[in-house]
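Let me begin by presenting the structure, written as structure tokens, before commenting on it.
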Amino acid sequence: LGTASRSSGLGAAPSPLVAYAASTAHGCVAKAMDMCGLGTQALRLVAINAHDQMDTTALSHMIAADRAAGLQPFFVVGTAGTVNTGSIDGLAAIAAIAKREQLWFHVDGALGALGMLSPDVAPRFKGIELADSIALDFHKWGQVPYDAGYFLVRDAADQLDAFAAPAAYLARHTRGLAAGSPWPCDMGPDLSRSFRALKTWFTLVCHGSDQLGVAIAHSCALAQTLKNRIEACPELELMAPVALNIVCFRFRCGEHQNADHINTEIVADLHESGIAVPSATTLHGHSVIRAAIVNHRTTPSDLDALIEATLTLGRARTQTLAMPRPTPAAPLMGLAHCMRLAFEGNPLKPLAHTLLARAETDAQDADALMDLSTVLQLQRLKEHGLATLSLALQVKRSYTLPATHQPSIRLLAIMTPGDLMANAPLPFLIENSDIALEMLYLLPGEPMPEQLPEHDVAFIAISDASPAHGLLEELKSAVSHWPRPVLVRPEGILRTSRVNAFELLQGAPGVLMPATVQTTRTALQRLCTGDGTLSDLLPNAVFPLIIRPVDSHAGHGLAQVADLPALAHYLTDSADSDFFLSPFVDYRSADGLFRKYRVVLVDGVPFAGHMGVSEHWMIHYLNAGMTEDAQKRGEEAHFMTHFQAEFAQTHQLALQSIHERFGLEYLVIDCAETPSGELLVFEVDPGAVVHSMDPHEMFPYKRPAMQKIFDAFRALLQRAAQGKHSPLCTAPA
């Protein structure tokens with residue numbers, strides 16, 4: 001902005017200033033935006049790629065979008081060694097963008113910049129030499145005590161223009177102690193300072209930069225050694241790529257519900273043992289052990305001691321938590337835990353026998369009955385599962401899933417008896433979090449309980465289905481005088497039925513949802529026998545059509561019928577009496593493949609849920625062949641990694657309109673893109689499954705994307721609990 005801004009302030013800027021950093025950047029960047037008066041909202045956090053590096057394509061898109069919005073991009077930060085994992089942004093690529101866009105390019109090299117002293121490590125920082133400024137610490141790889149932070153600037157004139165002050169008492173003289181210029185106070189905000197650089201000077205004089213480079217290369221080599229030993233140990237799991245000297249790993253706890261707690265406790269146990277001092281951090285929603293190898297005296301035997309102590313402490317922690325406990329025998333496992341067992345191929349029959357034995361021993365063990373109901377349904381024993389659910393609800397109506405960490409939010413889910421799709425699967429959204437979930441089951445026609453479970457926020461988790469319509473209508477009046485904030489209100493849920501959704505989305509910009517009608521077997525049979533026309537049921541429709549039973553889920557009974565004989569054949573094979581009927585829209589891409597997307601709206605903000613690519617029009621993620629096809633997974637990885645900059649931007653108006661018309665704080669959309677570029681909406685449903693169960697080894701891009709959804713959901717609950725959220729409850733006429 002020029003030196004005039006020192007007196008006139010930022011108000012003289014032609015437009016608001018915005019800066020950019022990767023979502024993994026150190027918190028000091030946001031703090032600096034706060035301290036200098038620009039505010040943290042002026043910092044754009046750029047998505048990362050599969051290697052935990054800033055996505056430079058997303059950066060370019062964000063800069064262009066901000067310029068189009070009348071904002072003034074001015075500053076971009078590249079990280080040379082993130083604190084959590086040591087990953088290095090593509091500094092050369094960021095520098096090129098900064099040069100093209102005339103941005104100040106700063107490199108946060110606090111952790112890694114001194115790697116330039118090692119010929120072996122320096123090539124990893126290609127592009128750092130193009131920075132306008134670099135921050136680095138000698139109290140890390142420089143082997144000196146705290147604090148020893150340094151700031152390098154390419155052009156000294158820039159620094160002097162920013163900080164030099166012409167006060168009378170700072171006048172320079174030709175002789176004496178006040179002789180010479182510039183002074184240290186000309187280079188920063190401190191007027192007086194201690195001789196903090198002395199320890200760094202001594203280190204360089206005594207050992208030299210070459211010896212520091214050797215120590216740096218040594219720590220990186222040790223990190224690779226630790227990585228190899230972790231990968232060779234079945235009881236340990238590497239949690240992030242090893243780029244420099246940081247290794248993130250965890251002790252495998254099998255299916256233990258307290259895996260995150262166990263790993264956090266292992267870190268504290270290691271500290272107290274005096275064997276090693278790793279830190280605890282969080283990656284992809286999991287608590288992990290972070291070993292940052294810095295000290296030049298560390299040896300391979302130290303790594304062996306760390307691994308051996310981790311195994312010993314982890315085994316002890318797991319065995320202690322696995323010991324039998326007093327009654328109740330075990331807490332509720334819940335839907336997410338049981339479904340994860342099934343998803344990973346674990347046999348469910350032994351678990352079902354264990355739960356049945358618990359229920360037979362104690363008829364009041366409702367948690368065992370509730371989990372048994374879930375396990376039976378996962379084994380496709382739906383009738384037995386629903387009968388068991390009925391038994392559980394005769395014992396009690398409210399079920400608790402405690403928070404994994406110290407609870408800070410109490411979430412009450414209002415639910416209804418039914419199959420696994422009858423209620424929103426909230427346990428997936430709050431796994432390994434500080435959210436305690438209370439699930440209260442209500443029956444249509446019965447009065448609300450006089451005493452509700454204690455909670456901070458309520459969430460109507462009942463999905464739209466015919467049996468639940470009566471209860472949702474009853475809840476409308478109850479919600480109006482609810483004692484706490486209520487999210488996903490019943491009137492909004494009722495709008496998500498296929499017929500209502502079609503009517504609501506007519507005229508929405510960029511949205512296409514095929515006309516949908518609900519009809520009966522009798523009406524369709526009359527159509528097949530020539531008694532009436534297709535237009536009588538579905539105006540302006542032509543074959544082929546899509547037909548499905550009312551209240552069906554997961555593609556059950558879903559079919560495409562090409563003509564009247566095919567429709568008659570379908571009815572012969574179906575035992576259902578009511579159906580949804582809609583035109584088939586051919587949404588295949590130019591390569592002949594069909595692509596279906598799941599998008600999650602959290603308070604109106606879109607997130608990528610998943611993407612399926614298939615040769616068949618009826619795409620379900622589990623049958624799309626994603627696990628067998630690396631190319632399909634690569635396409636999904638691109639979709640999820642670049643979602644905000646690409647898909648969400650392309651369909652911004654469509655997604656915003658969907659949010660506004662349904663008036664729901666949480667909504668899942670199954671959709672596709674038409675050849676003409678419209679958003680083809682198949683279904684909107686706050687009860688669709690959003691999970692992070694896919695194996696990380698095969699789908700490394702999914703956990704970060706899912707964690708964004710989980711974090712946004714928690715933030716939504718937090719805002720509501722604090723009274724900072726105004727629930728949407730109306731839709732346009």
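Here's how to read the names in the structure tokens: chain A, B, ... by the order shown, residue numbers from 1 in each chain, ligand numbers from 1 in the order shown.
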
Sel. of strand (DSSP E) residues, range 438-520 of chain A, as a PyMOL selection string = chain A and resi 438-441+457-460+486-487+511-512+517-520

Set out as a Markdown table a contact list for range 621-700 of chain A and range 565-587 of chain A with a cut-off of 7 Å, giving each residue of range 621-700 of chain A that qualifies its closest atom pair and distance in Å to one decimal, counting only C-alpha atoms, ordered by chain and rising residue number.
```
| residue | atom | partner | partner_atom | distance |
| --- | --- | --- | --- | --- |
| A:Glu673 | CA | A:Tyr587 | CA | 6.6 |
| A:Thr674 | CA | A:Tyr587 | CA | 5.1 |
| A:Pro675 | CA | A:Tyr587 | CA | 6.5 |
```

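With only C-alpha atoms as the atoms that count, the residue of A:Asp362, A:Asp34, A:Glu237, A:Asp711 with the shortest distance to Ile430 in chain A is A:Asp711.
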
Please identify all polymer residues within 10 Å of His553 in chain A, counting only C-alpha atoms, omitting same-chain residues fewer than 3 positions from it, and present them as a PyMOL selection string.
-> chain A and resi 420-422+548-550+556-558+688

Same residues, C-alpha atoms, saved as a PDB file, in the first residue's frame:
```
ATOM      1  CA  LEU A 420     -31.531 -48.335  10.203  1.00  0.00           C
ATOM      2  CA  MET A 421     -32.684 -45.643   7.761  1.00  0.00           C
ATOM      3  CA  ALA A 422     -35.529 -44.332   9.929  1.00  0.00           C
ATOM      4  CA  ARG A 548     -39.357 -47.333  -6.775  1.00  0.00           C
ATOM      5  CA  PRO A 549     -41.535 -48.343  -3.817  1.00  0.00           C
ATOM      6  CA  VAL A 550     -42.527 -45.597  -1.398  1.00  0.00           C
ATOM      7  CA  HIS A 556     -34.349 -51.494  -2.927  1.00  0.00           C
ATOM      8  CA  GLY A 557     -36.932 -51.958  -5.667  1.00  0.00           C
ATOM      9  CA  LEU A 558     -35.440 -49.154  -7.775  1.00  0.00           C
ATOM     10  CA  ALA A 688     -28.323 -40.115   4.662  1.00  0.00           C
TER      11      ALA A 688
END
```

Excluding Arg498 in chain A and any residue of its chain fewer than 6 positions from it, enumerate the residues within 9 Å of it, using only C-alpha atoms, and give them as a PyMOL selection string.
-> chain A and resi 516-518+580+682-684

Those same residues - all heavy atoms - I'd like them written as a PDB file, in the first residue's frame.
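Printed below is part.pdb as written:
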```
ATOM      1  N   THR A 516     -41.747 -35.865 -10.014  1.00  0.00           N
ATOM      2  CA  THR A 516     -41.998 -37.098  -9.262  1.00  0.00           C
ATOM      3  C   THR A 516     -43.433 -37.112  -8.774  1.00  0.00           C
ATOM      4  O   THR A 516     -43.920 -36.109  -8.247  1.00  0.00           O
ATOM      5  CB  THR A 516     -41.038 -37.206  -8.061  1.00  0.00           C
ATOM      6  OG1 THR A 516     -39.691 -37.166  -8.523  1.00  0.00           O
ATOM      7  CG2 THR A 516     -41.264 -38.501  -7.299  1.00  0.00           C
ATOM      8  N   VAL A 517     -44.102 -38.247  -8.950  1.00  0.00           N
ATOM      9  CA  VAL A 517     -45.460 -38.406  -8.432  1.00  0.00           C
ATOM     10  C   VAL A 517     -45.523 -39.689  -7.619  1.00  0.00           C
ATOM     11  O   VAL A 517     -44.759 -40.634  -7.851  1.00  0.00           O
ATOM     12  CB  VAL A 517     -46.515 -38.462  -9.564  1.00  0.00           C
ATOM     13  CG1 VAL A 517     -46.579 -37.149 -10.314  1.00  0.00           C
ATOM     14  CG2 VAL A 517     -46.231 -39.624 -10.510  1.00  0.00           C
ATOM     15  N   GLN A 518     -46.428 -39.702  -6.659  1.00  0.00           N
ATOM     16  CA  GLN A 518     -46.689 -40.920  -5.901  1.00  0.00           C
ATOM     17  C   GLN A 518     -47.976 -41.526  -6.434  1.00  0.00           C
ATOM     18  O   GLN A 518     -48.989 -40.833  -6.579  1.00  0.00           O
ATOM     19  CB  GLN A 518     -46.824 -40.610  -4.414  1.00  0.00           C
ATOM     20  CG  GLN A 518     -47.054 -41.855  -3.559  1.00  0.00           C
ATOM     21  CD  GLN A 518     -47.034 -41.553  -2.065  1.00  0.00           C
ATOM     22  OE1 GLN A 518     -46.460 -40.547  -1.641  1.00  0.00           O
ATOM     23  NE2 GLN A 518     -47.656 -42.417  -1.275  1.00  0.00           N
ATOM     24  N   PHE A 580     -43.182 -44.408  -6.255  1.00  0.00           N
ATOM     25  CA  PHE A 580     -42.814 -43.126  -6.831  1.00  0.00           C
ATOM     26  C   PHE A 580     -42.460 -43.358  -8.294  1.00  0.00           C
ATOM     27  O   PHE A 580     -41.791 -44.343  -8.644  1.00  0.00           O
ATOM     28  CB  PHE A 580     -41.604 -42.517  -6.112  1.00  0.00           C
ATOM     29  CG  PHE A 580     -41.923 -41.966  -4.757  1.00  0.00           C
ATOM     30  CD1 PHE A 580     -41.276 -42.457  -3.631  1.00  0.00           C
ATOM     31  CD2 PHE A 580     -42.854 -40.944  -4.604  1.00  0.00           C
ATOM     32  CE1 PHE A 580     -41.556 -41.942  -2.374  1.00  0.00           C
ATOM     33  CE2 PHE A 580     -43.141 -40.434  -3.343  1.00  0.00           C
ATOM     34  CZ  PHE A 580     -42.497 -40.932  -2.231  1.00  0.00           C
ATOM     35  N   PHE A 682     -31.148 -36.090  -7.277  1.00  0.00           N
ATOM     36  CA  PHE A 682     -31.890 -37.333  -7.134  1.00  0.00           C
ATOM     37  C   PHE A 682     -32.693 -37.349  -5.835  1.00  0.00           C
ATOM     38  O   PHE A 682     -33.835 -37.787  -5.809  1.00  0.00           O
ATOM     39  CB  PHE A 682     -30.934 -38.530  -7.136  1.00  0.00           C
ATOM     40  CG  PHE A 682     -30.128 -38.671  -8.391  1.00  0.00           C
ATOM     41  CD1 PHE A 682     -28.742 -38.646  -8.353  1.00  0.00           C
ATOM     42  CD2 PHE A 682     -30.750 -38.822  -9.620  1.00  0.00           C
ATOM     43  CE1 PHE A 682     -27.989 -38.780  -9.497  1.00  0.00           C
ATOM     44  CE2 PHE A 682     -30.008 -38.963 -10.785  1.00  0.00           C
ATOM     45  CZ  PHE A 682     -28.621 -38.927 -10.722  1.00  0.00           C
ATOM     46  N   GLU A 683     -32.043 -36.879  -4.766  1.00  0.00           N
ATOM     47  CA  GLU A 683     -32.667 -37.010  -3.451  1.00  0.00           C
ATOM     48  C   GLU A 683     -32.040 -36.007  -2.496  1.00  0.00           C
ATOM     49  O   GLU A 683     -30.849 -35.707  -2.572  1.00  0.00           O
ATOM     50  CB  GLU A 683     -32.451 -38.438  -2.929  1.00  0.00           C
ATOM     51  CG  GLU A 683     -33.162 -38.762  -1.626  1.00  0.00           C
ATOM     52  CD  GLU A 683     -33.008 -40.220  -1.232  1.00  0.00           C
ATOM     53  OE1 GLU A 683     -32.185 -40.925  -1.851  1.00  0.00           O
ATOM     54  OE2 GLU A 683     -33.693 -40.651  -0.293  1.00  0.00           O
ATOM     55  N   VAL A 684     -32.855 -35.466  -1.600  1.00  0.00           N
ATOM     56  CA  VAL A 684     -32.357 -34.637  -0.494  1.00  0.00           C
ATOM     57  C   VAL A 684     -32.846 -35.277   0.797  1.00  0.00           C
ATOM     58  O   VAL A 684     -34.013 -35.638   0.921  1.00  0.00           O
ATOM     59  CB  VAL A 684     -32.854 -33.173  -0.608  1.00  0.00           C
ATOM     60  CG1 VAL A 684     -32.160 -32.462  -1.743  1.00  0.00           C
ATOM     61  CG2 VAL A 684     -34.357 -33.101  -0.787  1.00  0.00           C
TER      62      VAL A 684
END
```

Could you jot down the CA of Gln560 in chain A to CA of Ile546 in chain A separation for me, Å, one decimal place?
->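 Taking CA of Gln560 in chain A as the start and CA of Ile546 in chain A as the end point, the length is 4.6 Å.
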
Near range 292-305 of chain A, within 10 Å and counting only C-alpha atoms, which residues show up once chain neighbours fewer than 3 positions away are dropped, as number ranges by chain?
-> A: 83-86, 111, 139-143, 212, 214-223, 225-226, 229, 244-248, 275-279, 289, 308-311

Might you pull out every residue within 10 Å of range 702-706 of chain A, with only C-alpha atoms counted and same-chain residues fewer than 2 positions away left off, and present them as a PyMOL selection string?
-> chain A and resi 47-50+52+283-286+429+607-610+636-637+640-641+643+690-696+698-700+708-712

Nearby residues (only C-alpha atoms) at most 8 Å from Ala436 in chain A, same-chain spacing under 5 positions excluded, as a ChimeraX atom specification = /A:400-403,407-411
